[in-house]
$ cat start.txt   # compact mmCIF, C-alpha atoms
# COMPACT_ATOMS: atom_id res chain seq x y z
CA MET A 1 0.36 -2.55 -0.99
CA PRO A 2 3.07 -4.75 -2.51
CA GLU A 3 3.49 -3.87 -6.17
CA LEU A 4 5.02 -5.75 -9.10
CA PRO A 5 8.68 -5.39 -7.98
CA GLU A 6 7.84 -6.59 -4.48
CA VAL A 7 5.90 -9.59 -5.82
CA GLU A 8 8.69 -10.39 -8.28
CA THR A 9 11.17 -10.23 -5.38
CA VAL A 10 9.07 -12.76 -3.48
CA ARG A 11 8.82 -14.98 -6.56
CA ARG A 12 12.58 -15.01 -7.02
CA GLY A 13 13.12 -15.67 -3.34
CA VAL A 14 10.66 -18.55 -3.17
CA GLU A 15 11.33 -20.29 -6.49
CA PRO A 16 14.65 -22.06 -5.77
CA HIS A 17 13.30 -23.47 -2.50
CA VAL A 18 10.07 -24.96 -3.81
CA VAL A 19 10.53 -26.04 -7.44
CA GLY A 20 10.78 -29.83 -7.59
CA ARG A 21 9.44 -30.22 -4.07
CA ARG A 22 6.28 -32.20 -3.35
CA ILE A 23 3.54 -30.87 -1.06
CA THR A 24 3.09 -33.47 1.67
CA GLU A 25 0.61 -31.63 3.85
CA VAL A 26 -1.63 -28.56 3.65
CA VAL A 27 -2.74 -26.68 6.75
CA VAL A 28 -5.44 -24.02 6.42
CA ARG A 29 -5.91 -22.19 9.71
CA GLU A 30 -7.97 -19.29 8.39
CA PRO A 31 -9.83 -19.57 5.07
CA ARG A 32 -11.63 -16.23 5.38
CA MET A 33 -9.67 -13.89 3.16
CA ARG A 34 -10.63 -11.45 0.41
CA TRP A 35 -11.25 -14.48 -1.78
CA PRO A 36 -11.81 -17.45 0.56
CA VAL A 37 -9.50 -20.45 0.44
CA PRO A 38 -11.50 -23.20 -1.34
CA VAL A 39 -12.96 -25.78 1.02
CA ASP A 40 -11.23 -28.57 -0.91
CA PHE A 41 -7.89 -26.77 -1.21
CA ALA A 42 -6.00 -29.21 1.06
CA VAL A 43 -7.18 -32.19 -1.01
CA TYR A 44 -6.43 -30.31 -4.24
CA ALA A 45 -2.83 -29.40 -3.36
CA CYS A 46 -1.64 -32.24 -1.13
CA GLY A 47 0.61 -34.71 -2.95
CA GLN A 48 1.29 -32.38 -5.87
CA ARG A 49 4.81 -31.47 -6.98
CA ILE A 50 5.61 -27.81 -7.64
CA GLU A 51 6.99 -27.48 -11.17
CA GLY A 52 7.54 -23.70 -11.34
CA VAL A 53 6.70 -20.29 -9.93
CA THR A 54 5.66 -17.48 -12.26
CA ARG A 55 4.07 -14.07 -11.83
CA ARG A 56 1.19 -12.43 -13.67
CA GLY A 57 0.75 -8.84 -12.55
CA LYS A 58 0.75 -9.03 -8.77
CA TYR A 59 -0.35 -12.67 -8.67
CA LEU A 60 2.07 -15.50 -7.93
CA VAL A 61 1.25 -18.66 -9.89
CA PHE A 62 2.61 -21.99 -8.66
CA ALA A 63 2.55 -24.55 -11.48
CA LEU A 64 1.82 -28.07 -10.27
CA GLU A 65 2.46 -31.35 -12.04
CA GLY A 66 -0.25 -32.30 -14.47
CA GLY A 67 -1.26 -28.71 -15.21
CA ASP A 68 -3.00 -27.63 -12.02
CA ARG A 69 -1.96 -24.30 -10.46
CA ILE A 70 -2.13 -22.35 -7.20
CA ILE A 71 -2.68 -18.58 -7.24
CA VAL A 72 -1.37 -16.47 -4.36
CA HIS A 73 -2.11 -12.76 -3.97
CA LEU A 74 -0.39 -10.78 -1.21
CA GLY A 75 -3.17 -8.22 -0.83
CA MET A 76 -2.01 -5.31 1.31
CA THR A 77 -0.07 -7.09 4.04
CA GLY A 78 0.53 -10.64 2.83
CA ARG A 79 3.86 -12.44 2.99
CA VAL A 80 5.04 -15.77 1.64
CA LEU A 81 7.87 -17.20 3.70
CA VAL A 82 10.05 -20.30 3.32
CA LEU A 83 10.58 -21.74 6.80
CA ASP A 84 11.78 -24.87 8.52
CA ALA A 85 9.04 -27.28 9.52
CA GLY A 86 8.06 -26.66 13.10
CA HIS A 87 8.81 -22.94 12.87
CA PRO A 88 6.88 -21.21 15.69
CA LEU A 89 3.47 -19.98 14.66
CA LYS A 90 2.62 -16.30 14.71
CA LYS A 91 -0.75 -14.64 14.69
CA HIS A 92 -2.09 -14.38 11.11
CA ASP A 93 -0.16 -17.42 9.81
CA HIS A 94 -3.10 -18.64 7.75
CA VAL A 95 -1.89 -21.33 5.31
CA ASP A 96 1.07 -23.74 5.28
CA LEU A 97 2.24 -25.91 2.39
CA VAL A 98 4.52 -28.50 3.98
CA LEU A 99 7.20 -29.73 1.55
CA ASP A 100 8.95 -33.08 1.26
CA ASP A 101 12.34 -31.69 2.29
CA GLY A 102 11.22 -30.71 5.77
CA ARG A 103 10.52 -27.07 4.99
CA LEU A 104 7.25 -25.27 4.46
CA LEU A 105 5.80 -22.40 2.50
CA ARG A 106 3.79 -20.17 4.84
CA TYR A 107 1.23 -17.52 3.92
CA HIS A 108 0.95 -14.76 6.52
CA ASP A 109 -1.58 -11.92 6.16
CA PRO A 110 -2.71 -9.72 9.08
CA ARG A 111 -5.43 -7.90 7.13
CA ARG A 112 -6.54 -10.91 5.08
CA PHE A 113 -6.91 -8.92 1.84
CA GLY A 114 -4.92 -11.50 -0.13
CA ALA A 115 -5.74 -14.97 -1.35
CA VAL A 116 -4.60 -18.57 -1.76
CA LEU A 117 -6.66 -20.17 -4.52
CA SER A 118 -6.74 -23.26 -6.69
CA TRP A 119 -6.64 -22.94 -10.50
CA PRO A 120 -7.43 -26.37 -11.97
CA LYS A 121 -6.00 -27.31 -15.36
CA ALA A 122 -9.53 -27.65 -16.73
CA GLU A 123 -9.95 -23.87 -16.38
CA ILE A 124 -7.98 -22.27 -19.22
CA GLY A 125 -8.40 -18.75 -17.87
CA HIS A 126 -9.02 -17.24 -14.45
CA VAL A 127 -11.35 -14.40 -13.53
CA LEU A 128 -8.60 -12.58 -11.60
CA ILE A 129 -6.10 -12.70 -14.47
CA ASP A 130 -8.03 -12.67 -17.75
CA SER A 131 -8.65 -8.89 -17.79
CA LEU A 132 -5.07 -7.85 -16.95
CA GLY A 133 -3.14 -5.66 -19.38
CA PRO A 134 0.26 -6.60 -20.80
CA GLU A 135 3.34 -7.07 -18.67
CA PRO A 136 5.62 -4.00 -18.84
CA PHE A 137 8.56 -6.14 -20.02
CA SER A 138 6.61 -7.84 -22.79
CA GLU A 139 6.72 -7.01 -26.49
CA ALA A 140 3.05 -6.02 -26.28
CA PHE A 141 3.90 -3.00 -24.13
CA SER A 142 5.34 0.07 -25.83
CA GLY A 143 4.89 3.78 -26.30
CA ASP A 144 2.81 3.12 -29.39
CA TYR A 145 0.56 0.80 -27.40
CA LEU A 146 -0.01 3.47 -24.71
CA TYR A 147 -0.62 6.10 -27.35
CA GLN A 148 -3.27 4.01 -29.10
CA ARG A 149 -5.01 2.98 -25.87
CA SER A 150 -5.14 6.56 -24.61
CA ARG A 151 -6.76 8.28 -27.59
CA GLY A 152 -9.82 10.28 -26.52
CA LYS A 153 -9.30 9.60 -22.82
CA LYS A 154 -9.69 12.54 -20.44
CA VAL A 155 -8.51 10.66 -17.34
CA ALA A 156 -5.22 11.86 -15.82
CA VAL A 157 -2.23 10.10 -17.36
CA LYS A 158 -1.10 8.82 -13.96
CA SER A 159 -4.47 7.15 -13.37
CA PHE A 160 -4.34 5.79 -16.92
CA VAL A 161 -1.03 3.97 -16.52
CA MET A 162 -2.04 2.74 -13.05
CA ASP A 163 -5.02 0.91 -14.57
CA GLY A 164 -4.14 -2.78 -14.48
CA GLN A 165 -6.20 -3.37 -17.61
CA VAL A 166 -3.88 -0.98 -19.48
CA VAL A 167 -0.59 -2.31 -18.11
CA VAL A 168 0.25 -4.27 -14.97
CA GLY A 169 2.84 -3.12 -12.48
CA ALA A 170 2.70 0.67 -12.70
CA GLY A 171 1.37 1.15 -9.18
CA ASN A 172 1.27 4.46 -7.34
CA ILE A 173 4.96 4.64 -6.42
CA TYR A 174 6.30 3.47 -9.76
CA ALA A 175 3.87 5.51 -11.86
CA ALA A 176 4.90 8.66 -9.98
CA GLU A 177 8.59 7.96 -10.45
CA SER A 178 8.22 7.00 -14.13
CA LEU A 179 6.27 10.16 -14.93
CA PHE A 180 8.93 12.25 -13.20
CA ARG A 181 11.72 10.67 -15.21
CA ALA A 182 9.71 11.10 -18.42
CA GLY A 183 9.08 14.77 -17.59
CA ILE A 184 5.28 14.42 -17.75
CA ARG A 185 2.93 16.12 -15.28
CA PRO A 186 0.66 13.44 -13.75
CA THR A 187 -2.53 15.51 -14.09
CA ARG A 188 -2.39 15.86 -17.88
CA ALA A 189 -5.16 14.11 -19.79
CA ALA A 190 -4.02 10.73 -21.08
CA GLY A 191 -5.43 11.52 -24.50
CA ARG A 192 -3.30 14.68 -24.79
CA ILE A 193 0.05 12.95 -24.29
CA THR A 194 2.03 12.73 -27.53
CA ARG A 195 3.39 9.57 -29.10
CA ALA A 196 6.96 10.71 -28.32
CA GLU A 197 6.06 11.35 -24.68
CA TYR A 198 4.51 7.90 -24.38
CA ALA A 199 7.66 6.39 -25.86
CA ARG A 200 9.66 8.03 -23.05
CA LEU A 201 7.11 7.00 -20.45
CA ALA A 202 7.05 3.34 -21.53
CA ALA A 203 10.85 3.23 -21.41
CA GLU A 204 10.89 4.81 -17.94
CA ILE A 205 8.24 2.46 -16.61
CA ARG A 206 10.45 -0.46 -17.66
CA ALA A 207 13.56 1.18 -16.23
CA VAL A 208 12.01 2.09 -12.88
CA LEU A 209 10.49 -1.36 -12.41
CA SER A 210 13.74 -3.06 -13.42
CA GLU A 211 15.74 -1.03 -10.91
CA ALA A 212 13.19 -1.68 -8.16
CA ILE A 213 13.28 -5.43 -8.83
CA LEU A 214 17.08 -5.47 -8.71
CA GLN A 215 17.00 -3.63 -5.39
CA GLY A 216 14.32 -5.83 -3.87
CA GLY A 217 11.34 -3.51 -4.13
CA THR A 218 10.40 -0.48 -2.08
CA THR A 219 10.52 -0.47 1.70
CA LEU A 220 6.99 -0.12 3.03
CA ARG A 221 5.70 -0.75 6.51
CA ASP A 222 4.10 -4.10 5.75
CA PHE A 223 6.21 -5.50 2.93
CA ALA A 224 9.05 -7.98 3.22
CA GLY A 225 10.54 -10.45 0.78
CA ALA A 226 10.49 -14.21 1.03
CA ASP A 227 13.34 -14.07 3.56
CA GLY A 228 11.58 -11.43 5.66
CA ALA A 229 13.96 -8.66 4.56
CA SER A 230 12.60 -5.38 3.23
CA GLY A 231 13.50 -3.84 -0.11
CA TYR A 232 15.47 -0.62 -0.41
CA PHE A 233 14.43 1.09 -3.65
CA GLN A 234 12.90 3.86 -1.51
CA GLN A 235 16.27 5.56 -1.18
CA ASP A 236 16.15 6.30 -4.92
CA LEU A 237 12.70 7.91 -5.05
CA TYR A 238 12.58 11.39 -6.61
CA VAL A 239 8.97 12.46 -5.96
CA TYR A 240 6.89 9.81 -4.16
CA GLY A 241 6.46 10.77 -0.50
CA ARG A 242 8.58 13.93 -0.90
CA GLU A 243 5.89 16.64 -0.87
CA GLY A 244 7.33 19.96 0.35
CA LEU A 245 10.93 18.88 -0.17
CA ALA A 246 13.32 20.22 -2.81
CA CYS A 247 13.51 18.31 -6.07
CA ARG A 248 16.75 16.36 -6.21
CA LYS A 249 17.16 17.34 -9.85
CA CYS A 250 16.19 21.02 -10.12
CA GLY A 251 15.60 22.24 -6.55
CA THR A 252 11.92 23.16 -7.09
CA THR A 253 9.59 22.33 -4.19
CA ILE A 254 7.78 19.05 -4.78
CA LYS A 255 4.00 19.49 -4.84
CA GLY A 256 1.37 17.04 -3.65
CA LEU A 257 -2.19 16.34 -4.77
CA ARG A 258 -4.70 13.51 -4.86
CA LEU A 259 -5.53 11.63 -8.05
CA GLY A 260 -8.13 8.90 -7.96
CA ASN A 261 -8.07 8.96 -4.13
CA ARG A 262 -4.34 8.28 -4.16
CA ALA A 263 -1.64 10.63 -2.89
CA SER A 264 0.57 11.86 -5.69
CA CYS A 265 3.66 14.06 -5.86
CA TRP A 266 5.28 15.84 -8.79
CA CYS A 267 7.86 18.49 -9.59
CA PRO A 268 6.57 21.66 -11.32
CA GLY A 269 10.08 22.34 -12.58
CA CYS A 270 10.74 18.96 -14.20
CA GLN A 271 7.28 17.81 -15.24
CA ARG A 272 5.28 19.66 -17.89
$ encode --input "start.txt" --output "structure tokens"
Amino acid sequence: MPELPEVETVRRGVEPHVVGRRITEVVVREPRMRWPVPVDFAVYACGQRIEGVTRRGKYLVFALEGGDRIIVHLGMTGRVLVLDAGHPLKKHDHVDLVLDDGRLLRYHDPRRFGAVLSWPKAEIGHVLIDSLGPEPFSEAFSGDYLYQRSRGKKVAVKSFVMDGQVVVGAGNIYAAESLFRAGIRPTRAAGRITRAEYARLAAEIRAVLSEAILQGGTTLRDFAGADGASGYFQQDLYVYGREGLACRKCGTTIKGLRLGNRASCWCPGCQR
């Protein structure tokens, strides 16, 4: 599933091509996704000018003139591509926003676990966004914040930081890598992690996500950026997907386990 760095890569790729452009036509070929495309979406979006593209967690938010917005979620296999008008259709090309410069913004999603939704200006909040935790690069996120939120919690620390209501963006890959760099075993109870350890972990979460964004995300089977090119952060992974291999730092064999039905890897030599 595309995580925060992948979604941020898409946002940065799309933004310069769509900001200031007016939507002249909306084509919805398949509305049946995880959250269905609203029946009036074409009427809602057509004629609107795109004023900006932001990200909240793993949601792309297209700001329209007058305060309306469009929310796009990539789900597990979604892509947002900037293409020339008339670009040949492929299977699973579900929604097109045709722009006034002759190009179009196309939403492609083979598994249809994503979404293209309207967010009218009259709705201050949105059910998909209101419960999200702070952004990892915001002032609200810190080691002290994690320490306070974790008191009394017996859940594994990896599951704790992967909870989007605690902090957005620390998905499976990036949580594993951040915990490795912070020297924290992923199975330890969140409530038993010290304030100093959380300070290291918060700093590493920021560092890992920043590096992944700069490198275009992590190469996964179904992910590609706005230009169709895959990211390449995977070459820098220390533990994720390396079960049975030697740790690149200390040489200890990387161990694997499952936490919260997710595969997880860690180094017994580096993580305590």
$ closest_residue --input "start.txt" --among "A:Lys255, A:Arg200, A:Arg49, A:Arg21" --to "Gly66 of chain A" --atoms "only C-alpha atoms"
A:Arg49
$ atom_distance --input "start.txt" --atom1 "atom CA of Val72 of chain A" --atom2 "atom CA of Asp163 of chain A"
20.5 Å
$ axis_aligned_box --input "start.txt" --around "segment 115-122 of chain A" --padding-each-side "6 Å" --output "AutoDock Vina command-line options"
--center_x -7.1 --center_y -21.3 --center_z -9.0 --size_x 16.9 --size_y 24.7 --size_z 27.4
$ residues_around --input "start.txt" --residues "segment 135-150 of chain A" --least-positions-apart "4" --cutoff "6 Å" --atoms "only C-alpha atoms" --output "count of residues only"
7
$ atom_distance --input "start.txt" --atom1 "atom CA of His108 of chain A" --atom2 "atom CA of Val95 of chain A"
7.3 Å
$ closest_residue --input "start.txt" --among "A:Glu123, A:Asp96, A:Asp236, A:Asp130" --to "Arg69 of chain A" --atoms "all atoms listed in the file"
A:Glu123
$ atom_distance --input "start.txt" --atom1 "atom CA of Gly256 of chain A" --atom2 "atom CA of Glu243 of chain A"
5.3 Å
$ closest_residue --input "start.txt" --among "A:Ile50, A:Arg79, A:Arg55, A:Ala63" --to "Trp119 of chain A" --atoms "all atoms listed in the file"
A:Ala63
$ closest_residue --input "start.txt" --among "A:Ser131, A:Gly169, A:Arg248, A:Val80" --to "Ile213 of chain A" --atoms "only C-alpha atoms"
A:Gly169
$ residues_around --input "start.txt" --residues "Leu104 of chain A" --least-positions-apart "2" --cutoff "12 Å" --atoms "only C-alpha atoms" --output "PyMOL selection string"
chain A and resi 14+17-18+21-27+80-88+95-102+106-107
$ residues_around --input "start.txt" --residues "Tyr59 of chain A" --least-positions-apart "2" --cutoff "8 Å" --atoms "all atoms listed in the file" --output "PyMOL selection string"
chain A and resi 7+55-57+61+71-74
$ closest_residue --input "start.txt" --among "A:Arg206, A:Arg29, A:Arg242, A:Lys154" --to "Pro5 of chain A" --atoms "all atoms listed in the file"
A:Arg206
$ closest_residue --input "start.txt" --among "A:Ala246, A:Lys58, A:Leu237, A:Gln215" --to "Leu4 of chain A" --atoms "only C-alpha atoms"
A:Lys58
$ residues_around --input "start.txt" --residues "segment 33-43 of chain A" --least-positions-apart "6" --cutoff "7 Å" --atoms "all atoms listed in the file" --output "JSON, numbers by chain"
{"A": [26, 112, 113, 114, 115, 116, 117, 118]}
$ residues_around --input "start.txt" --residues "Gly260 of chain A" --least-positions-apart "4" --cutoff "10 Å" --atoms "only C-alpha atoms" --output "MDAnalysis selection string"
chainID A and resid 155:156 158:159 264
